[in-house]
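Colleague: input_10.cif (mmCIF, C-alpha atoms and all ligand atoms) pasted underneath:
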data_target
loop_
_atom_site.label_atom_id
_atom_site.label_comp_id
_atom_site.auth_asym_id
_atom_site.auth_seq_id
_atom_site.Cartn_x
_atom_site.Cartn_y
_atom_site.Cartn_z
CA MET A 1 -32.84 -91.03 60.06
CA THR A 2 -34.28 -87.66 61.08
CA VAL A 3 -37.25 -86.45 59.06
CA SER A 4 -37.57 -82.73 59.53
CA ASN A 5 -41.00 -82.19 58.01
CA PHE A 6 -44.33 -83.94 57.65
CA ALA A 7 -44.38 -83.77 53.84
CA ASP A 8 -41.39 -86.14 53.70
CA LEU A 9 -43.35 -88.74 55.64
CA GLY A 10 -45.75 -89.17 52.72
CA LEU A 11 -48.97 -87.89 54.30
CA SER A 12 -51.82 -86.64 52.12
CA ASP A 13 -52.20 -82.97 51.19
CA ARG A 14 -55.31 -82.63 53.32
CA LEU A 15 -53.46 -83.87 56.36
CA LEU A 16 -50.50 -81.61 55.62
CA ARG A 17 -52.86 -78.65 55.48
CA ALA A 18 -54.39 -79.62 58.83
CA LEU A 19 -50.92 -79.93 60.37
CA ASP A 20 -50.04 -76.55 58.98
CA ASP A 21 -53.22 -75.10 60.52
CA ALA A 22 -52.24 -76.65 63.86
CA GLN A 23 -48.76 -75.13 63.42
CA TYR A 24 -46.94 -78.41 63.78
CA LYS A 25 -43.60 -77.96 62.08
CA THR A 26 -41.52 -81.04 62.85
CA PRO A 27 -42.65 -84.60 63.51
CA THR A 28 -41.76 -85.84 66.99
CA PRO A 29 -39.49 -88.92 67.25
CA ILE A 30 -42.41 -91.33 67.66
CA GLN A 31 -44.12 -89.76 64.64
CA GLN A 32 -40.93 -90.03 62.58
CA GLN A 33 -40.61 -93.70 63.41
CA ALA A 34 -44.24 -94.82 63.34
CA ILE A 35 -45.85 -92.89 60.48
CA PRO A 36 -43.86 -94.41 57.56
CA LEU A 37 -44.36 -97.93 58.94
CA LEU A 38 -48.07 -97.39 59.39
CA LEU A 39 -48.50 -95.87 55.94
CA ASP A 40 -46.80 -99.03 54.70
CA GLY A 41 -49.54 -101.11 56.36
CA LYS A 42 -47.41 -102.61 59.15
CA ASP A 43 -48.69 -103.53 62.61
CA ILE A 44 -46.96 -101.63 65.40
CA LEU A 45 -46.08 -102.21 68.99
CA GLY A 46 -45.46 -98.68 70.28
CA ILE A 47 -43.90 -98.06 73.64
CA ALA A 48 -44.56 -94.41 74.35
CA GLN A 49 -46.47 -92.38 76.85
CA THR A 50 -48.71 -89.34 76.56
CA GLY A 51 -46.73 -86.22 75.74
CA THR A 52 -44.60 -87.82 73.03
CA GLY A 53 -47.03 -87.00 70.21
CA LYS A 54 -48.23 -90.60 69.99
CA THR A 55 -51.86 -89.66 69.24
CA ALA A 56 -50.87 -87.92 66.02
CA ALA A 57 -48.47 -90.80 65.29
CA PHE A 58 -51.43 -93.17 65.02
CA THR A 59 -54.27 -90.89 63.90
CA LEU A 60 -52.47 -89.31 60.94
CA PRO A 61 -51.79 -92.62 59.12
CA LEU A 62 -55.28 -93.80 60.01
CA LEU A 63 -56.87 -90.72 58.44
CA HIS A 64 -54.56 -91.11 55.45
CA HIS A 65 -55.68 -94.73 54.94
CA LEU A 66 -59.36 -93.95 55.33
CA GLU A 67 -59.08 -91.21 52.73
CA ALA A 68 -57.11 -93.44 50.34
CA ASP A 69 -59.44 -96.45 50.81
CA GLY A 70 -62.34 -94.20 49.80
CA ASP A 71 -64.88 -96.76 51.07
CA ARG A 72 -68.33 -95.67 52.18
CA THR A 73 -69.28 -96.62 55.69
CA LYS A 74 -72.35 -98.81 55.77
CA PRO A 75 -75.08 -98.20 58.35
CA GLY A 76 -74.35 -100.01 61.60
CA SER A 77 -70.68 -100.55 60.77
CA THR A 78 -67.33 -99.06 61.67
CA ARG A 79 -64.18 -98.74 59.56
CA ALA A 80 -61.70 -98.11 62.37
CA LEU A 81 -61.76 -98.66 66.11
CA VAL A 82 -59.67 -96.93 68.76
CA LEU A 83 -59.93 -98.42 72.25
CA ALA A 84 -58.91 -96.26 75.20
CA PRO A 85 -59.01 -97.05 78.94
CA THR A 86 -60.56 -93.80 80.15
CA ARG A 87 -63.23 -91.41 79.02
CA GLU A 88 -60.84 -88.47 79.15
CA LEU A 89 -58.40 -90.18 76.85
CA ALA A 90 -61.19 -91.18 74.47
CA LEU A 91 -62.35 -87.56 74.27
CA GLN A 92 -58.84 -86.32 73.73
CA ILE A 93 -58.26 -88.74 70.89
CA SER A 94 -61.53 -87.59 69.39
CA ASP A 95 -60.34 -83.96 69.58
CA SER A 96 -57.10 -84.90 67.84
CA ILE A 97 -59.02 -86.61 65.05
CA LYS A 98 -61.14 -83.48 64.64
CA THR A 99 -57.99 -81.37 64.39
CA TYR A 100 -56.10 -83.59 61.95
CA GLY A 101 -59.14 -84.63 59.96
CA ARG A 102 -60.64 -81.16 59.52
CA HIS A 103 -60.15 -81.12 55.74
CA GLN A 104 -61.58 -84.62 55.33
CA ARG A 105 -65.10 -85.91 55.65
CA VAL A 106 -64.69 -88.35 58.51
CA ARG A 107 -67.54 -89.42 60.67
CA GLN A 108 -66.31 -90.20 64.13
CA ALA A 109 -68.05 -91.08 67.36
CA VAL A 110 -67.06 -91.56 70.98
CA VAL A 111 -68.68 -94.37 72.91
CA MET A 112 -68.03 -94.41 76.64
CA GLY A 113 -69.65 -95.10 79.96
CA GLY A 114 -70.97 -92.44 82.33
CA VAL A 115 -73.19 -90.74 79.76
CA SER A 116 -76.52 -91.58 78.17
CA LYS A 117 -76.51 -94.48 75.72
CA ARG A 118 -79.23 -93.27 73.41
CA PRO A 119 -77.27 -90.73 71.29
CA GLN A 120 -74.43 -93.26 71.03
CA VAL A 121 -76.84 -95.94 69.81
CA GLU A 122 -78.27 -93.61 67.15
CA THR A 123 -74.84 -92.57 65.89
CA LEU A 124 -73.62 -96.17 65.70
CA ARG A 125 -76.72 -97.24 63.79
CA ARG A 126 -75.94 -94.62 61.11
CA GLY A 127 -72.37 -95.99 60.83
CA VAL A 128 -69.07 -94.28 61.66
CA ASP A 129 -65.65 -94.12 60.03
CA ILE A 130 -63.73 -93.97 63.30
CA LEU A 131 -65.15 -95.20 66.55
CA ILE A 132 -63.32 -94.24 69.75
CA ALA A 133 -64.50 -96.29 72.69
CA THR A 134 -63.90 -97.46 76.20
CA PRO A 135 -64.19 -101.26 76.22
CA GLY A 136 -67.10 -101.83 78.62
CA ARG A 137 -69.63 -99.56 76.93
CA LEU A 138 -68.62 -100.75 73.48
CA LEU A 139 -69.23 -104.40 74.39
CA ASP A 140 -72.54 -103.42 75.85
CA LEU A 141 -73.61 -101.72 72.62
CA ILE A 142 -72.30 -104.54 70.45
CA ASN A 143 -74.34 -106.99 72.54
CA GLN A 144 -77.37 -104.81 71.83
CA ARG A 145 -76.50 -105.15 68.12
CA CYS A 146 -76.05 -101.41 67.62
CA THR A 147 -72.90 -101.93 65.59
CA THR A 148 -70.75 -104.63 64.10
CA LEU A 149 -66.98 -104.74 63.83
CA SER A 150 -66.92 -107.18 60.93
CA GLU A 151 -65.94 -104.45 58.46
CA CYS A 152 -63.42 -102.79 60.74
CA LYS A 153 -59.98 -102.80 59.10
CA TYR A 154 -58.03 -100.77 61.64
CA LEU A 155 -57.66 -101.42 65.35
CA ILE A 156 -55.75 -99.18 67.73
CA LEU A 157 -55.31 -100.11 71.37
CA ASP A 158 -54.10 -97.08 73.29
CA GLU A 159 -52.55 -97.19 76.76
CA ALA A 160 -52.78 -100.96 76.90
CA ASP A 161 -51.02 -101.11 80.27
CA ARG A 162 -53.82 -99.05 81.81
CA MET A 163 -56.41 -101.29 80.19
CA PHE A 164 -54.76 -104.08 82.07
CA ASP A 165 -54.59 -102.10 85.35
CA MET A 166 -58.27 -101.31 85.06
CA GLY A 167 -59.25 -104.91 84.41
CA PHE A 168 -60.26 -104.38 80.76
CA ILE A 169 -57.93 -106.88 79.15
CA ARG A 170 -60.61 -109.58 78.79
CA ASP A 171 -62.97 -107.11 77.15
CA VAL A 172 -60.19 -105.98 74.84
CA ARG A 173 -59.56 -109.61 73.83
CA LYS A 174 -63.25 -110.17 73.17
CA ILE A 175 -63.51 -107.04 71.07
CA SER A 176 -60.33 -107.79 69.07
CA ALA A 177 -61.71 -111.21 68.20
CA MET A 178 -64.74 -109.54 66.57
CA LEU A 179 -62.63 -107.78 63.95
CA PRO A 180 -61.56 -109.42 60.70
CA LYS A 181 -58.11 -111.06 60.83
CA ASP A 182 -57.10 -109.07 57.80
CA ARG A 183 -56.65 -105.69 59.47
CA GLN A 184 -53.96 -103.31 60.66
CA THR A 185 -53.44 -103.32 64.42
CA LEU A 186 -51.51 -100.96 66.65
CA LEU A 187 -50.88 -101.34 70.33
CA PHE A 188 -49.50 -98.45 72.35
CA SER A 189 -48.42 -98.77 75.94
CA ALA A 190 -46.24 -96.67 78.22
CA THR A 191 -44.88 -99.78 79.93
CA MET A 192 -44.76 -103.41 78.89
CA PRO A 193 -45.82 -105.70 81.75
CA ALA A 194 -45.93 -109.41 80.86
CA GLU A 195 -49.71 -109.44 80.42
CA VAL A 196 -49.57 -106.65 77.86
CA ALA A 197 -46.77 -108.43 76.00
CA VAL A 198 -48.99 -111.53 75.83
CA LEU A 199 -51.91 -109.48 74.49
CA ALA A 200 -49.58 -107.88 71.93
CA GLY A 201 -48.51 -111.35 70.79
CA GLU A 202 -52.16 -112.32 70.29
CA VAL A 203 -53.52 -109.27 68.49
CA LEU A 204 -50.56 -108.05 66.43
CA ASN A 205 -49.35 -109.60 63.22
CA ARG A 206 -45.55 -109.48 62.87
CA PRO A 207 -45.36 -106.01 64.41
CA GLU A 208 -42.58 -103.48 64.11
CA ARG A 209 -41.54 -102.13 67.48
CA VAL A 210 -41.15 -98.40 68.04
CA GLN A 211 -40.06 -97.13 71.37
CA ILE A 212 -39.65 -93.76 73.02
CA ALA A 213 -38.27 -94.26 76.48
CA ALA A 214 -40.59 -92.82 79.10
CA LYS A 215 -37.72 -91.82 81.29
CA THR A 216 -36.09 -89.56 78.75
CA VAL A 217 -39.47 -87.97 77.99
CA ALA A 218 -40.46 -87.08 81.46
CA VAL A 219 -37.63 -86.96 83.83
CA GLU A 220 -34.94 -84.78 82.38
CA ARG A 221 -36.52 -81.35 82.30
CA ILE A 222 -38.37 -81.75 85.59
CA GLU A 223 -37.01 -80.58 88.89
CA GLN A 224 -37.98 -83.32 91.31
CA ARG A 225 -38.14 -82.70 95.00
CA VAL A 226 -39.22 -84.74 97.97
CA HIS A 227 -40.52 -83.35 101.26
CA HIS A 228 -40.33 -85.89 104.06
CA ILE A 229 -43.46 -85.35 106.04
CA ALA A 230 -45.84 -87.44 108.12
CA ALA A 231 -49.17 -88.36 106.55
CA VAL A 232 -51.09 -86.48 109.25
CA ALA A 233 -49.32 -83.23 108.42
CA LYS A 234 -49.60 -83.46 104.65
CA ARG A 235 -52.83 -81.52 104.23
CA ALA A 236 -51.57 -78.48 106.12
CA HIS A 237 -48.24 -78.71 104.31
CA LEU A 238 -50.01 -78.85 100.94
CA ALA A 239 -52.06 -75.74 101.74
CA LYS A 240 -48.85 -73.93 102.67
CA LEU A 241 -47.12 -74.97 99.45
CA LEU A 242 -50.08 -73.80 97.40
CA GLU A 243 -49.81 -70.30 98.86
CA SER A 244 -46.80 -69.70 96.60
CA PRO A 245 -47.69 -67.50 93.61
CA ASP A 246 -45.35 -69.68 91.48
CA MET A 247 -47.91 -72.47 91.73
CA ALA A 248 -49.92 -71.22 88.79
CA LYS A 249 -51.30 -74.51 87.43
CA VAL A 250 -51.03 -77.49 89.72
CA ILE A 251 -52.11 -81.12 89.60
CA VAL A 252 -52.22 -82.83 93.00
CA PHE A 253 -52.21 -86.63 92.84
CA THR A 254 -53.77 -88.88 95.44
CA ARG A 255 -54.01 -92.67 95.43
CA THR A 256 -57.72 -92.93 96.09
CA LYS A 257 -60.92 -91.16 95.13
CA HIS A 258 -61.82 -90.68 98.74
CA ARG A 259 -58.50 -89.01 99.52
CA ALA A 260 -58.89 -86.73 96.50
CA ASP A 261 -62.24 -85.52 97.88
CA GLN A 262 -60.76 -85.07 101.35
CA VAL A 263 -57.93 -82.94 99.97
CA VAL A 264 -60.39 -80.72 98.08
CA LYS A 265 -62.48 -80.26 101.23
CA HIS A 266 -59.50 -79.47 103.37
CA LEU A 267 -58.20 -76.91 100.90
CA ALA A 268 -61.64 -75.31 100.77
CA ARG A 269 -61.44 -74.82 104.53
CA THR A 270 -58.28 -72.80 104.01
CA SER A 271 -60.03 -70.86 101.20
CA ILE A 272 -58.10 -72.57 98.42
CA VAL A 273 -60.31 -73.57 95.51
CA ALA A 274 -59.57 -76.96 93.97
CA GLU A 275 -61.61 -79.56 92.12
CA ALA A 276 -61.23 -83.32 92.00
CA ILE A 277 -61.54 -85.62 89.00
CA HIS A 278 -62.02 -89.32 89.54
CA GLY A 279 -64.26 -92.21 88.59
CA ASN A 280 -67.02 -91.37 91.07
CA LYS A 281 -67.62 -87.97 89.53
CA SER A 282 -70.14 -87.64 86.74
CA GLN A 283 -68.71 -87.33 83.28
CA ASN A 284 -70.00 -83.77 83.07
CA ALA A 285 -68.30 -82.79 86.31
CA ARG A 286 -65.02 -84.33 85.14
CA GLN A 287 -65.14 -82.56 81.81
CA ARG A 288 -66.11 -79.24 83.38
CA ALA A 289 -63.24 -79.40 85.90
CA LEU A 290 -60.77 -80.35 83.20
CA ALA A 291 -61.97 -77.61 80.84
CA ASN A 292 -61.71 -75.00 83.61
CA PHE A 293 -58.23 -76.21 84.45
CA LYS A 294 -57.12 -76.13 80.82
CA LYS A 295 -58.42 -72.61 80.33
CA GLY A 296 -56.76 -71.35 83.51
CA ARG A 297 -60.04 -70.72 85.35
CA LEU A 298 -59.16 -73.40 87.91
CA ARG A 299 -55.69 -73.33 89.44
CA ILE A 300 -55.63 -76.68 91.22
CA LEU A 301 -56.84 -80.04 90.00
CA VAL A 302 -56.79 -83.02 92.35
CA ALA A 303 -56.67 -86.32 90.48
CA THR A 304 -56.28 -90.04 90.92
CA ASP A 305 -53.85 -91.86 88.64
CA ILE A 306 -56.42 -93.51 86.48
CA ALA A 307 -58.67 -90.49 86.00
CA SER A 308 -55.66 -88.44 85.04
CA ARG A 309 -54.48 -90.76 82.31
CA GLY A 310 -54.03 -89.01 79.04
CA ILE A 311 -54.80 -85.58 80.47
CA ASP A 312 -53.14 -83.27 78.04
CA VAL A 313 -52.84 -79.80 79.52
CA ASP A 314 -50.07 -77.44 78.57
CA ASP A 315 -48.14 -75.27 81.03
CA VAL A 316 -48.79 -77.26 84.21
CA THR A 317 -46.25 -75.61 86.50
CA HIS A 318 -46.25 -78.15 89.33
CA VAL A 319 -47.21 -81.73 89.98
CA ILE A 320 -47.62 -82.56 93.66
CA ASN A 321 -47.71 -86.16 94.75
CA PHE A 322 -49.79 -85.97 97.89
CA GLU A 323 -49.11 -89.67 98.22
CA LEU A 324 -46.45 -91.63 96.40
CA PRO A 325 -47.77 -94.19 93.96
CA ASN A 326 -47.04 -97.82 94.76
CA GLU A 327 -46.01 -98.46 91.16
CA PRO A 328 -42.92 -96.44 90.24
CA GLU A 329 -44.08 -96.19 86.60
CA SER A 330 -47.08 -94.19 87.78
CA TYR A 331 -44.68 -91.64 89.22
CA VAL A 332 -43.21 -91.12 85.76
CA HIS A 333 -46.71 -90.75 84.30
CA ARG A 334 -47.70 -88.30 86.96
CA ILE A 335 -44.70 -85.99 86.71
CA GLY A 336 -44.94 -86.16 82.92
CA ARG A 337 -48.04 -83.93 83.22
CA THR A 338 -45.66 -81.02 83.75
CA ALA A 339 -42.73 -80.02 81.52
CA ARG A 340 -44.74 -80.62 78.37
CA ALA A 341 -44.07 -79.06 75.00
CA GLY A 342 -40.49 -78.14 75.94
CA ALA A 343 -41.39 -76.24 79.13
CA ALA A 344 -39.71 -76.85 82.47
CA GLY A 345 -41.66 -78.14 85.44
CA ILE A 346 -41.46 -78.98 89.10
CA ALA A 347 -42.62 -82.17 90.77
CA ILE A 348 -42.95 -82.29 94.54
CA SER A 349 -43.55 -85.53 96.40
CA LEU A 350 -44.79 -85.62 99.97
CA CYS A 351 -43.34 -88.72 101.55
CA ASP A 352 -44.48 -90.23 104.83
CA PRO A 353 -42.00 -92.61 106.50
CA ALA A 354 -44.26 -95.51 105.52
CA GLU A 355 -43.81 -94.54 101.87
CA LEU A 356 -40.01 -94.71 101.89
CA SER A 357 -39.99 -98.04 100.05
CA HIS A 358 -42.06 -96.47 97.24
CA LEU A 359 -39.62 -93.58 97.10
CA ARG A 360 -36.66 -95.92 96.79
CA ALA A 361 -38.40 -97.88 94.01
CA ILE A 362 -39.00 -94.62 92.13
CA GLU A 363 -35.39 -93.54 92.53
CA ARG A 364 -34.23 -96.91 91.23
CA LEU A 365 -36.48 -96.60 88.18
CA ILE A 366 -35.45 -93.06 87.26
CA LYS A 367 -31.86 -93.76 88.27
CA ARG A 368 -31.43 -90.64 90.35
CA PRO A 369 -32.28 -89.53 93.87
CA LEU A 370 -35.01 -86.92 94.33
CA LYS A 371 -33.78 -83.66 95.82
CA VAL A 372 -34.61 -83.61 99.51
CA VAL A 373 -36.02 -80.25 100.56
CA GLY A 374 -34.52 -79.32 103.93
CA GLU A 375 -31.45 -80.99 105.37
CA LYS A 376 -33.49 -83.50 107.26
CA PRO A 377 -37.14 -84.55 107.15
CA VAL A 378 -39.27 -81.40 107.20
CA GLU A 379 -40.49 -80.41 110.65
CA PHE A 380 -44.23 -80.26 110.86
CA LYS A 381 -46.92 -78.99 113.08
CA GLN A 382 -49.46 -81.44 114.38
CA ALA A 383 -52.61 -81.45 112.22
CA PRO A 384 -55.80 -80.80 114.20
CA GLY A 385 -57.18 -83.94 115.78
CA SER A 386 -54.17 -86.05 114.83
CA GLN A 387 -52.33 -88.59 116.93
CA ALA A 388 -48.81 -88.32 118.24
CA LYS A 389 -45.96 -87.41 115.91
CA PRO A 390 -44.56 -90.55 114.30
CA ARG A 391 -41.15 -91.61 115.43
CA PRO A 392 -38.51 -91.77 112.71
CA GLY A 393 -38.88 -94.98 110.73
CA LYS A 394 -42.36 -95.69 112.13
CA PRO A 395 -45.42 -95.32 109.93
CA ALA A 396 -47.57 -92.30 110.70
CA SER A 397 -50.96 -92.98 112.23
CA GLY A 398 -52.74 -91.70 109.13
CA SER A 399 -51.06 -94.32 106.96
CA ARG A 400 -51.81 -97.46 108.92
CA ARG A 401 -54.47 -98.76 106.58
CA ARG A 402 -52.20 -98.52 103.60
CA ARG A 403 -52.45 -101.35 101.09
CA ARG A 404 -49.65 -103.74 100.46
CA PRO A 405 -47.01 -102.19 98.16
CA GLY A 406 -46.98 -103.55 94.61
CA ARG A 407 -50.75 -104.09 94.46
CA THR A 408 -52.69 -102.08 91.98
CA ASP A 409 -55.59 -100.30 93.54
CA ARG A 410 -58.40 -100.90 91.10
CA ARG A 411 -60.76 -98.83 93.18
CA ALA A 412 -58.47 -95.84 92.77
CA ALA A 413 -60.02 -94.62 89.53
P1 LIG A 501 -49.80 -86.81 72.83
O1 LIG A 501 -48.52 -87.51 73.22
O2 LIG A 501 -50.41 -87.43 71.65
O3 LIG A 501 -50.72 -86.67 74.00
O4 LIG A 501 -49.41 -85.32 72.36
C1 LIG A 501 -48.89 -84.37 73.23
C2 LIG A 501 -49.10 -82.94 72.74
O5 LIG A 501 -48.18 -82.63 71.69
C3 LIG A 501 -50.47 -82.63 72.17
O6 LIG A 501 -50.88 -81.40 72.74
C4 LIG A 501 -50.28 -82.48 70.69
O7 LIG A 501 -51.19 -81.54 70.16
C5 LIG A 501 -48.85 -81.98 70.60
N1 LIG A 501 -48.14 -82.44 69.39
C6 LIG A 501 -48.14 -83.67 68.87
N2 LIG A 501 -47.33 -83.73 67.79
C7 LIG A 501 -46.78 -82.52 67.65
C8 LIG A 501 -45.83 -81.96 66.71
N3 LIG A 501 -45.28 -82.68 65.74
N4 LIG A 501 -45.50 -80.65 66.86
C9 LIG A 501 -46.04 -79.91 67.86
N5 LIG A 501 -46.93 -80.38 68.78
C10 LIG A 501 -47.28 -81.66 68.67
#
Is it possible to express this structure as structure tokens?
Ligand code: AMP

Modeller:
Amino acid sequence: MTVSNFADLGLSDRLLRALDDAQYKTPTPIQQQAIPLLLDGKDILGIAQTGTGKTAAFTLPLLHHLEADGDRTKPGSTRALVLAPTRELALQISDSIKTYGRHQRVRQAVVMGGVSKRPQVETLRRGVDILIATPGRLLDLINQRCTTLSECKYLILDEADRMFDMGFIRDVRKISAMLPKDRQTLLFSATMPAEVAVLAGEVLNRPERVQIAAKTVAVERIEQRVHHIAAVAKRAHLAKLLESPDMAKVIVFTRTKHRADQVVKHLARTSIVAEAIHGNKSQNARQRALANFKKGRLRILVATDIASRGIDVDDVTHVINFELPNEPESYVHRIGRTARAGAAGIAISLCDPAELSHLRAIERLIKRPLKVVGEKPVEFKQAPGSQAKPRPGKPASGSRRRRRPGRTDRRAA
């Protein structure tokens, strides 16, 4: 069934007004599927990635319930909890709640690492309707008895697969166990590795499954190209690519924090301004870079996979994979940062011979070959100070210390 407007989904007048203010006309497929089930009080296992409208799919029914319940939040307690793997995602969810809840009186707070605890402690002590948190900091504050989850009737676990990648699953389990059994629980994940399926089985109560295939979201409208190029020559090649005036808003992905910093430094040497976001940057620096990028004051953002999770920026013209991810699903996440909101986009992957197995895994997942730019592997000039050109099929010197494929790099955030 296609529901062409939000009013038919049964949302409250206040929410409909907020949606009207935000100029949302038609619910997205995930919203059409999830909202009626959630309004009906069902638990949900949602398989959807950022860009599908999943945040509104879970926040709208939550705001509807909180308004209908009409309870008053007691000091030191929380009525609803949203757990997110990264600070950026937590802040984005908070922004969505502000947008959709603007005609309601909802008290919300974000609790996350990397910033001072004191204001968070004070807010929690007063009590909040919706708490959005990263797991580590929340556990810390619960241990300090700043809040209790015993009155929390709604639990939303967002991007559960990343929680697992980042080693948060145990914390998530601990936190879930602190909520009453009689609650509504939602788990959203872009992919469903076995560990996440196990967690879903533990925390959800007879869930309905809603699924928006990642591949159809991301891949179709994006022109995907691969440049075969040795690792040592990538930096110079990147600088050359970025000279194009078409590259108006670009995210460059690297696999590690260190490499992200190196890329920024190298670009600076060729007078190209870029900023990196990753887990070693202070929260302020990350937010500033992201805000500048969103507003168009910064053309190039260099990001690691984990730091980039949930980044919601419109009109990204190009995604450049400086290195291919070792998990093909991450490729889909990465390129999904472009071609949002119906726009077209271009994804360019720089592939060293040592990365060919990653490329093949990606092509298997998306069921199509990437378009090779140039008839044969791109010729390259030797980067300053580099070793000999790699022979075809041999790993480049710059890629020798590469980790084993298939292993998640937990330091990469
Ligand atoms: P999300 O998947 O939650 O990250 O949402 C992706 C983007 O789509 C966000 O910028 C939302 O503001 C926007 N969005 C979500 N739902 C709708 C809708 N029904 N109509 C228009 N834009 C939407």

Colleague: Using only C-alpha atoms and all ligand atoms, what table do you get, as CSV, when you list each residue of chain A with an atom no more than 6 Å from ligand LIG 501 (chain A), its nearest pair of atoms, and their distance in Å rounded to one decimal, rows by chain then rising number?

Modeller:
residue,atom,partner,partner_atom,distance
A:Tyr24,CA,A:LIG501,N4,4.1
A:Lys25,CA,A:LIG501,N4,5.8
A:Thr26,CA,A:LIG501,N3,5.0
A:Pro27,CA,A:LIG501,N3,3.9
A:Thr28,CA,A:LIG501,N3,4.9
A:Thr50,CA,A:LIG501,O1,3.8
A:Gly51,CA,A:LIG501,O1,3.3
A:Thr52,CA,A:LIG501,O1,3.9
A:Gly53,CA,A:LIG501,O1,3.4
A:Lys54,CA,A:LIG501,O2,4.2
A:Thr55,CA,A:LIG501,O2,3.6
A:Ala56,CA,A:LIG501,O2,5.7
A:Asp312,CA,A:LIG501,O3,5.8

Colleague: Given only C-alpha atoms as the basis, pick out the residue of A:Ser349, A:Gln262, A:Ser77, A:Thr304 nearest to Arg286 (chain A).

Modeller: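 Using only C-alpha atoms, Arg286 (chain A) sits closest to A:Thr304.
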
Colleague: With only C-alpha atoms as the atoms that count, which of A:Ala22, A:Leu45, A:Leu242, A:Ala347 lies nearest to Thr185 (chain A)?

Modeller: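 Under the stated criterion, the closest residue is A:Leu45.
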
Colleague: Got a sec to check which residues sit within 9 Å of (-50.2, -105.9, 69.6), counting all atoms listed in the file, and write them as JSON, numbers by chain?

Modeller: {"A": [43, 44, 45, 46, 156, 157, 185, 186, 187, 188, 196, 197, 198, 199, 200, 201, 202, 203, 204, 205, 206, 207]}

Colleague: Leaving out Val252 (chain A) and any residue of its chain fewer than 3 positions from it, which residues lie within 7 Å of it when counting only C-alpha atoms, given as a PyMOL selection string?

Modeller: chain A and resi 301-303+319-322

Colleague: With distances taken over all atoms listed in the file, which residue among A:Ile306, A:Leu290, A:Ala133, A:Leu37 lies nearest Lys257 (chain A)?

Modeller: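 Result for the nearest residue to Lys257 (chain A): A:Ile306.
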
Colleague: Using only C-alpha atoms, find the one residue out of A:Lys265, A:Arg162, A:His237, A:Arg209 that sits nearest to His333 (chain A).

Modeller: A:Arg162

Colleague: What is the distance, in Å and to one decimal place, between CA of Ile35 (chain A) and CA of Leu15 (chain A)?

Modeller: 12.5 Å

Colleague: One number please: CA of Ala109 (chain A) to CA of Ile130 (chain A), in Å, one decimal.

Modeller: 6.6 Å

Colleague: Hey, which of A:Thr73, A:Gln32, A:Gln23, A:Thr191 ends up closest to Asp8 (chain A)? Count only C-alpha atoms.

Modeller: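 That would be A:Gln32, the residue with the smallest distance to Asp8 (chain A).
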
Colleague: Work out how far CA of Met163 (chain A) is from CA of Val250 (chain A), in Å to one decimal.

Modeller: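 Separation between CA of Val250 (chain A) and CA of Met163 (chain A): 26.2 Å.
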
Colleague: If you count only C-alpha atoms, which residues fall within 7 Å of Thr317 (chain A), apart from same-chain ones fewer than 6 positions away, as a list in words?

Modeller: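 Listed by chain and then number, they are Met247, Ala248, Lys249, Val250, Thr338, Gly345 and Ile346 of chain A.
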
Colleague: Out of A:Val82, A:Leu370, A:Leu89, A:Leu131, which residue has the shortest atom-to-atom distance to Val106 (chain A) when counting only C-alpha atoms?

Modeller: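 Checking each of A:Val82, A:Leu370, A:Leu89, A:Leu131 against Val106 (chain A), counting only C-alpha atoms, the winner is A:Leu131.
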
Colleague: Within 9 Å of (-41.3, -97.9, 96.4) (coordinates as in the file), grab all the protein and nucleic acid residues, counting only C-alpha atoms, and write them out as an mmCIF file with C-alpha atoms, keeping the file's coordinate frame.

Modeller:
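Below is the file out34.cif, written as the result:
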data_model
loop_
_atom_site.group_PDB
_atom_site.id
_atom_site.type_symbol
_atom_site.label_atom_id
_atom_site.label_comp_id
_atom_site.auth_asym_id
_atom_site.auth_seq_id
_atom_site.Cartn_x
_atom_site.Cartn_y
_atom_site.Cartn_z
ATOM 1 C CA LEU A 324 -46.450 -91.630 96.400
ATOM 2 C CA PRO A 325 -47.770 -94.190 93.960
ATOM 3 C CA ASN A 326 -47.040 -97.820 94.760
ATOM 4 C CA GLU A 327 -46.010 -98.460 91.160
ATOM 5 C CA PRO A 328 -42.920 -96.440 90.240
ATOM 6 C CA GLU A 355 -43.810 -94.540 101.870
ATOM 7 C CA LEU A 356 -40.010 -94.710 101.890
ATOM 8 C CA SER A 357 -39.990 -98.040 100.050
ATOM 9 C CA HIS A 358 -42.060 -96.470 97.240
ATOM 10 C CA LEU A 359 -39.620 -93.580 97.100
ATOM 11 C CA ARG A 360 -36.660 -95.920 96.790
ATOM 12 C CA ALA A 361 -38.400 -97.880 94.010
ATOM 13 C CA ILE A 362 -39.000 -94.620 92.130
ATOM 14 C CA GLU A 363 -35.390 -93.540 92.530
ATOM 15 C CA ARG A 364 -34.230 -96.910 91.230
ATOM 16 C CA PRO A 405 -47.010 -102.190 98.160
ATOM 17 C CA GLY A 406 -46.980 -103.550 94.610
#

Colleague: Which residues are close to Val110 (chain A), i.e. within 12 Å by all atoms listed in the file, leaving aside same-chain residues fewer than 2 positions away? Reply as an MDAnalysis selection string.

Modeller: chainID A and resid 78 81:84 86:95 97:98 107:108 112:113 115:117 119:121 123:124 128:135 137:138
